[in-house]
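Raw run.txt, compact mmCIF, N, CA, C and O atoms:
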# COMPACT_ATOMS: atom_id res chain seq x y z
N MET A 1243 70.08 151.58 15.01
CA MET A 1243 70.66 152.54 14.09
C MET A 1243 71.51 153.53 14.89
O MET A 1243 71.04 154.15 15.83
N ALA A 1244 72.76 153.64 14.53
CA ALA A 1244 73.67 154.55 15.22
C ALA A 1244 73.44 155.97 14.74
O ALA A 1244 73.14 156.21 13.58
N GLU A 1245 73.60 156.90 15.65
CA GLU A 1245 73.42 158.30 15.30
C GLU A 1245 74.75 158.86 14.80
O GLU A 1245 75.79 158.67 15.43
N LEU A 1246 74.70 159.55 13.68
CA LEU A 1246 75.91 160.16 13.12
C LEU A 1246 76.29 161.40 13.93
O LEU A 1246 75.41 162.11 14.43
N PRO A 1247 77.59 161.69 14.04
CA PRO A 1247 78.01 162.90 14.77
C PRO A 1247 77.50 164.17 14.09
O PRO A 1247 77.46 164.25 12.86
N ILE A 1248 77.13 165.15 14.88
CA ILE A 1248 76.54 166.39 14.37
C ILE A 1248 77.55 167.24 13.59
O ILE A 1248 77.22 167.78 12.53
N ALA A 1249 78.77 167.38 14.09
CA ALA A 1249 79.75 168.28 13.46
C ALA A 1249 80.01 167.96 11.99
O ALA A 1249 79.96 168.88 11.15
N PRO A 1250 80.25 166.71 11.61
CA PRO A 1250 80.47 166.43 10.19
C PRO A 1250 79.23 166.70 9.33
O PRO A 1250 79.35 167.13 8.18
N LEU A 1251 78.05 166.48 9.91
CA LEU A 1251 76.82 166.76 9.17
C LEU A 1251 76.67 168.25 8.91
O LEU A 1251 76.32 168.67 7.80
N LYS A 1252 76.96 169.05 9.94
CA LYS A 1252 76.92 170.51 9.76
C LYS A 1252 77.94 170.94 8.71
O LYS A 1252 77.67 171.79 7.88
N ARG A 1253 79.12 170.33 8.76
CA ARG A 1253 80.19 170.69 7.81
C ARG A 1253 79.76 170.38 6.37
O ARG A 1253 80.00 171.18 5.46
N ILE A 1254 79.10 169.26 6.16
CA ILE A 1254 78.63 168.90 4.82
C ILE A 1254 77.63 169.96 4.32
O ILE A 1254 77.72 170.42 3.18
N LEU A 1255 76.70 170.33 5.19
CA LEU A 1255 75.70 171.34 4.81
C LEU A 1255 76.36 172.70 4.56
O LEU A 1255 75.99 173.41 3.62
N GLN A 1256 77.36 173.05 5.36
CA GLN A 1256 78.06 174.31 5.16
C GLN A 1256 78.89 174.29 3.88
O GLN A 1256 78.96 175.28 3.17
N ASN A 1257 79.49 173.15 3.58
CA ASN A 1257 80.25 173.03 2.33
C ASN A 1257 79.34 173.15 1.11
O ASN A 1257 79.80 173.50 0.02
N ALA A 1258 78.06 172.86 1.31
CA ALA A 1258 77.08 172.98 0.23
C ALA A 1258 76.58 174.42 0.09
O ALA A 1258 75.79 174.71 -0.79
N GLY A 1259 77.04 175.31 0.99
CA GLY A 1259 76.70 176.72 0.85
C GLY A 1259 75.93 177.34 2.00
O GLY A 1259 75.69 178.54 1.99
N ALA A 1260 75.54 176.55 3.00
CA ALA A 1260 74.81 177.10 4.14
C ALA A 1260 75.74 177.93 5.01
O ALA A 1260 76.86 177.52 5.29
N LYS A 1261 75.29 179.11 5.42
CA LYS A 1261 76.11 179.93 6.30
C LYS A 1261 76.01 179.45 7.75
O LYS A 1261 76.99 179.42 8.46
N ARG A 1262 74.80 179.07 8.15
CA ARG A 1262 74.58 178.56 9.50
C ARG A 1262 73.67 177.35 9.42
O ARG A 1262 72.80 177.27 8.56
N VAL A 1263 73.87 176.39 10.33
CA VAL A 1263 73.08 175.17 10.34
C VAL A 1263 72.65 174.89 11.78
O VAL A 1263 73.49 174.82 12.67
N SER A 1264 71.34 174.74 11.99
CA SER A 1264 70.87 174.44 13.33
C SER A 1264 71.15 172.97 13.65
O SER A 1264 71.31 172.13 12.75
N GLU A 1265 71.18 172.67 14.92
CA GLU A 1265 71.42 171.30 15.35
C GLU A 1265 70.29 170.38 14.88
O GLU A 1265 70.52 169.25 14.46
N ASP A 1266 69.05 170.90 14.93
CA ASP A 1266 67.90 170.11 14.46
C ASP A 1266 68.02 169.78 12.98
O ASP A 1266 67.71 168.68 12.55
N ALA A 1267 68.48 170.75 12.19
CA ALA A 1267 68.64 170.53 10.75
C ALA A 1267 69.71 169.47 10.50
O ALA A 1267 69.54 168.59 9.66
N ALA A 1268 70.81 169.54 11.24
CA ALA A 1268 71.88 168.56 11.08
C ALA A 1268 71.41 167.17 11.48
O ALA A 1268 71.73 166.18 10.81
N LYS A 1269 70.61 167.08 12.55
CA LYS A 1269 70.09 165.78 12.99
C LYS A 1269 69.15 165.18 11.93
O LYS A 1269 69.21 163.99 11.64
N GLU A 1270 68.28 166.02 11.37
CA GLU A 1270 67.36 165.54 10.34
C GLU A 1270 68.12 165.11 9.10
O GLU A 1270 67.81 164.08 8.48
N PHE A 1271 69.13 165.87 8.72
CA PHE A 1271 69.99 165.52 7.59
C PHE A 1271 70.64 164.16 7.85
O PHE A 1271 70.70 163.30 6.97
N GLY A 1272 71.11 163.94 9.07
CA GLY A 1272 71.73 162.67 9.45
C GLY A 1272 70.76 161.51 9.35
O GLY A 1272 71.12 160.43 8.87
N LYS A 1273 69.50 161.72 9.79
CA LYS A 1273 68.49 160.66 9.69
C LYS A 1273 68.27 160.26 8.24
O LYS A 1273 68.20 159.07 7.91
N ILE A 1274 68.16 161.26 7.38
CA ILE A 1274 67.93 160.99 5.96
C ILE A 1274 69.13 160.28 5.34
O ILE A 1274 68.97 159.32 4.58
N LEU A 1275 70.33 160.73 5.67
CA LEU A 1275 71.53 160.07 5.15
C LEU A 1275 71.60 158.61 5.60
O LEU A 1275 71.99 157.74 4.81
N GLU A 1276 71.24 158.34 6.84
CA GLU A 1276 71.25 156.97 7.33
C GLU A 1276 70.25 156.10 6.57
O GLU A 1276 70.56 154.96 6.22
N GLU A 1277 69.06 156.63 6.32
CA GLU A 1277 68.05 155.87 5.58
C GLU A 1277 68.53 155.54 4.17
O GLU A 1277 68.42 154.40 3.72
N VAL A 1278 69.05 156.55 3.50
CA VAL A 1278 69.55 156.35 2.13
C VAL A 1278 70.75 155.40 2.16
O VAL A 1278 70.85 154.50 1.32
N GLY A 1279 71.63 155.59 3.13
CA GLY A 1279 72.80 154.72 3.25
C GLY A 1279 72.44 153.27 3.49
O GLY A 1279 73.07 152.36 2.95
N GLU A 1280 71.41 153.03 4.30
CA GLU A 1280 70.97 151.66 4.56
C GLU A 1280 70.42 151.02 3.29
O GLU A 1280 70.68 149.84 3.03
N ASP A 1281 69.68 151.79 2.51
CA ASP A 1281 69.16 151.27 1.24
C ASP A 1281 70.30 150.89 0.29
O ASP A 1281 70.27 149.83 -0.33
N ILE A 1282 71.29 151.75 0.21
CA ILE A 1282 72.45 151.47 -0.64
C ILE A 1282 73.20 150.25 -0.13
O ILE A 1282 73.61 149.39 -0.91
N ALA A 1283 73.37 150.16 1.18
CA ALA A 1283 74.09 149.02 1.76
C ALA A 1283 73.37 147.70 1.49
O ALA A 1283 74.01 146.69 1.16
N GLU A 1284 72.05 147.71 1.61
CA GLU A 1284 71.28 146.49 1.34
C GLU A 1284 71.43 146.07 -0.12
O GLU A 1284 71.64 144.89 -0.41
N ARG A 1285 71.34 147.03 -1.03
CA ARG A 1285 71.46 146.71 -2.46
C ARG A 1285 72.89 146.25 -2.78
O ARG A 1285 73.09 145.31 -3.55
N ALA A 1286 73.90 146.89 -2.19
CA ALA A 1286 75.29 146.48 -2.41
C ALA A 1286 75.51 145.06 -1.91
O ALA A 1286 76.23 144.27 -2.55
N THR A 1287 74.88 144.71 -0.80
CA THR A 1287 74.98 143.35 -0.27
C THR A 1287 74.37 142.35 -1.24
O THR A 1287 74.94 141.29 -1.50
N GLN A 1288 73.22 142.69 -1.79
CA GLN A 1288 72.58 141.82 -2.78
C GLN A 1288 73.47 141.63 -4.01
O GLN A 1288 73.58 140.51 -4.53
N LEU A 1289 74.09 142.70 -4.47
CA LEU A 1289 74.96 142.62 -5.64
C LEU A 1289 76.16 141.72 -5.37
O LEU A 1289 76.55 140.92 -6.23
N ALA A 1290 76.76 141.84 -4.19
CA ALA A 1290 77.91 141.00 -3.84
C ALA A 1290 77.49 139.53 -3.77
O ALA A 1290 78.19 138.66 -4.30
N LYS A 1291 76.35 139.26 -3.13
CA LYS A 1291 75.87 137.88 -3.04
C LYS A 1291 75.58 137.31 -4.42
O LYS A 1291 75.89 136.15 -4.70
N HIS A 1292 74.99 138.12 -5.28
CA HIS A 1292 74.68 137.67 -6.64
C HIS A 1292 75.96 137.31 -7.40
O HIS A 1292 75.96 136.39 -8.22
N ALA A 1293 77.04 138.04 -7.11
CA ALA A 1293 78.32 137.77 -7.76
C ALA A 1293 79.06 136.62 -7.08
O ALA A 1293 80.19 136.29 -7.47
N GLY A 1294 78.46 136.03 -6.05
CA GLY A 1294 79.09 134.91 -5.36
C GLY A 1294 80.15 135.32 -4.36
O GLY A 1294 81.04 134.53 -4.03
N ARG A 1295 80.07 136.56 -3.88
CA ARG A 1295 81.05 137.05 -2.93
C ARG A 1295 80.40 137.34 -1.59
O ARG A 1295 79.23 137.67 -1.52
N LYS A 1296 81.21 137.24 -0.53
CA LYS A 1296 80.77 137.65 0.80
C LYS A 1296 81.21 139.09 1.07
O LYS A 1296 80.66 139.75 1.95
N THR A 1297 82.20 139.54 0.32
CA THR A 1297 82.76 140.87 0.52
C THR A 1297 82.11 141.88 -0.42
O THR A 1297 82.04 141.64 -1.62
N ILE A 1298 81.66 142.99 0.14
CA ILE A 1298 81.14 144.08 -0.67
C ILE A 1298 82.32 144.90 -1.17
O ILE A 1298 83.19 145.30 -0.39
N LYS A 1299 82.36 145.12 -2.47
CA LYS A 1299 83.44 145.90 -3.08
C LYS A 1299 82.93 147.29 -3.44
O LYS A 1299 81.72 147.53 -3.47
N ALA A 1300 83.86 148.18 -3.72
CA ALA A 1300 83.52 149.56 -4.05
C ALA A 1300 82.57 149.62 -5.24
O ALA A 1300 81.63 150.42 -5.24
N GLU A 1301 82.78 148.75 -6.22
CA GLU A 1301 81.90 148.79 -7.40
C GLU A 1301 80.47 148.38 -7.05
O GLU A 1301 79.52 148.84 -7.70
N ASP A 1302 80.28 147.55 -6.02
CA ASP A 1302 78.94 147.19 -5.58
C ASP A 1302 78.24 148.42 -5.01
O ASP A 1302 77.08 148.68 -5.31
N VAL A 1303 78.97 149.17 -4.20
CA VAL A 1303 78.41 150.38 -3.59
C VAL A 1303 78.11 151.41 -4.67
O VAL A 1303 77.04 152.05 -4.67
N GLU A 1304 79.04 151.58 -5.61
CA GLU A 1304 78.83 152.56 -6.69
C GLU A 1304 77.59 152.21 -7.51
O GLU A 1304 76.78 153.08 -7.80
N LEU A 1305 77.45 150.95 -7.88
CA LEU A 1305 76.31 150.52 -8.67
C LEU A 1305 75.01 150.66 -7.88
O LEU A 1305 74.00 151.14 -8.41
N ALA A 1306 75.05 150.30 -6.62
CA ALA A 1306 73.86 150.42 -5.78
C ALA A 1306 73.43 151.88 -5.63
O ALA A 1306 72.24 152.19 -5.63
N ALA A 1307 74.39 152.78 -5.52
CA ALA A 1307 74.08 154.21 -5.38
C ALA A 1307 73.48 154.78 -6.65
O ALA A 1307 72.65 155.70 -6.60
N LYS A 1308 73.87 154.25 -7.79
CA LYS A 1308 73.34 154.75 -9.07
C LYS A 1308 71.91 154.31 -9.31
O LYS A 1308 71.18 154.97 -10.04
N GLU A 1309 71.52 153.20 -8.70
CA GLU A 1309 70.18 152.66 -8.94
C GLU A 1309 69.10 153.45 -8.27
O GLU A 1309 69.00 154.07 -7.43
So, in terms of structure tokens, how does the structure I just supplied come out?
Amino acid sequence: MAELPIAPLKRILQNAGAKRVSEDAAKEFGKILEEVGEDIAERATQLAKHAGRKTIKAEDVELAAKE
């Protein structure tokens, strides 16, 4: 599992209203995003395979995220 860069994670949290974000908080946020992202990616892959495709399309990701 690749580690996400800290700066964009801090920026996301700041855009959500945080005035300051510790590095530990950004790292934990990144871990959670990766876990959720992997779940969505797995489901999107299943949806594409079910449709008879090898390519994951945007609608697969959107549907997987809604589930």
(request) Apply DSSP to the structure's backbone, then extract all residues of segment 1249-1301 of chain A labelled alpha helix (DSSP H) and return them as a ChimeraX atom specification. (result) /A:1249-1257,1265-1292,1300-1301
(request) Find the residues near Leu1305 of chain A: any atom within 8 Å, counting only C-alpha atoms, skip ones fewer than 4 places away on the same chain, and give them as a PyMOL selection string. (result) chain A and resi 1286+1301+1309
(message) Quick check, in Å to one decimal: how far apart do atom O of Glu1304 of chain A and atom CA of Leu1275 of chain A lie?
(response)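 About the pair atom O of Glu1304 of chain A and atom CA of Leu1275 of chain A: they are 15.6 Å apart.
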(request) Using atom O of Leu1255 of chain A and atom O of Phe1271 of chain A as the two end points, give the distance in Å to one decimal. (result)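 Atom O of Phe1271 of chain A lies at a distance of 11.9 Å from atom O of Leu1255 of chain A.
Take the candidates A:Ala1306, A:Ala1300, A:Ala1267, A:Leu1251 and check each one against Ala1283 of chain A using all atoms listed in the file; the shortest distance goes to A:Ala1306.
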(message) Using only N, CA, C and O atoms, which protein or nucleic acid residues come within 6 Å of Asp1302 of chain A? Drop anything in the same chain fewer than 5 positions from it, and give the result as a count of residues only.
(response) 5
(request) Quick one: everything within 9 Å of Val1263 of chain A, counting only C-alpha atoms, minus sequence neighbours fewer than 5 positions away in the same chain. Send it as a list in words. (result)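 Once the nearby chain positions are removed, what remains is Lys1252, Arg1253, Leu1255, Gln1256 and Ala1268 of chain A.
For the choices A:Gly1272, A:Glu1277, A:Gly1294, A:Asp1266, the atom-to-atom distance to Ile1254 of chain A is smallest for A:Gly1272 when using only C-alpha atoms.
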(message) What does the structure give for the distance between atom CA of Leu1246 of chain A and atom N of Gly1279 of chain A, in Å to one decimal?
(response) 11.8 Å
(request) Go through A:Lys1299, A:Thr1287, A:Lys1269, A:Ser1264 one by one, measure the shortest atom-to-atom distance of each to Glu1245 of chain A using all atoms listed in the file, and give the residue with the smallest value. (result)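 So, comparing all the options, the nearest one is A:Lys1269.
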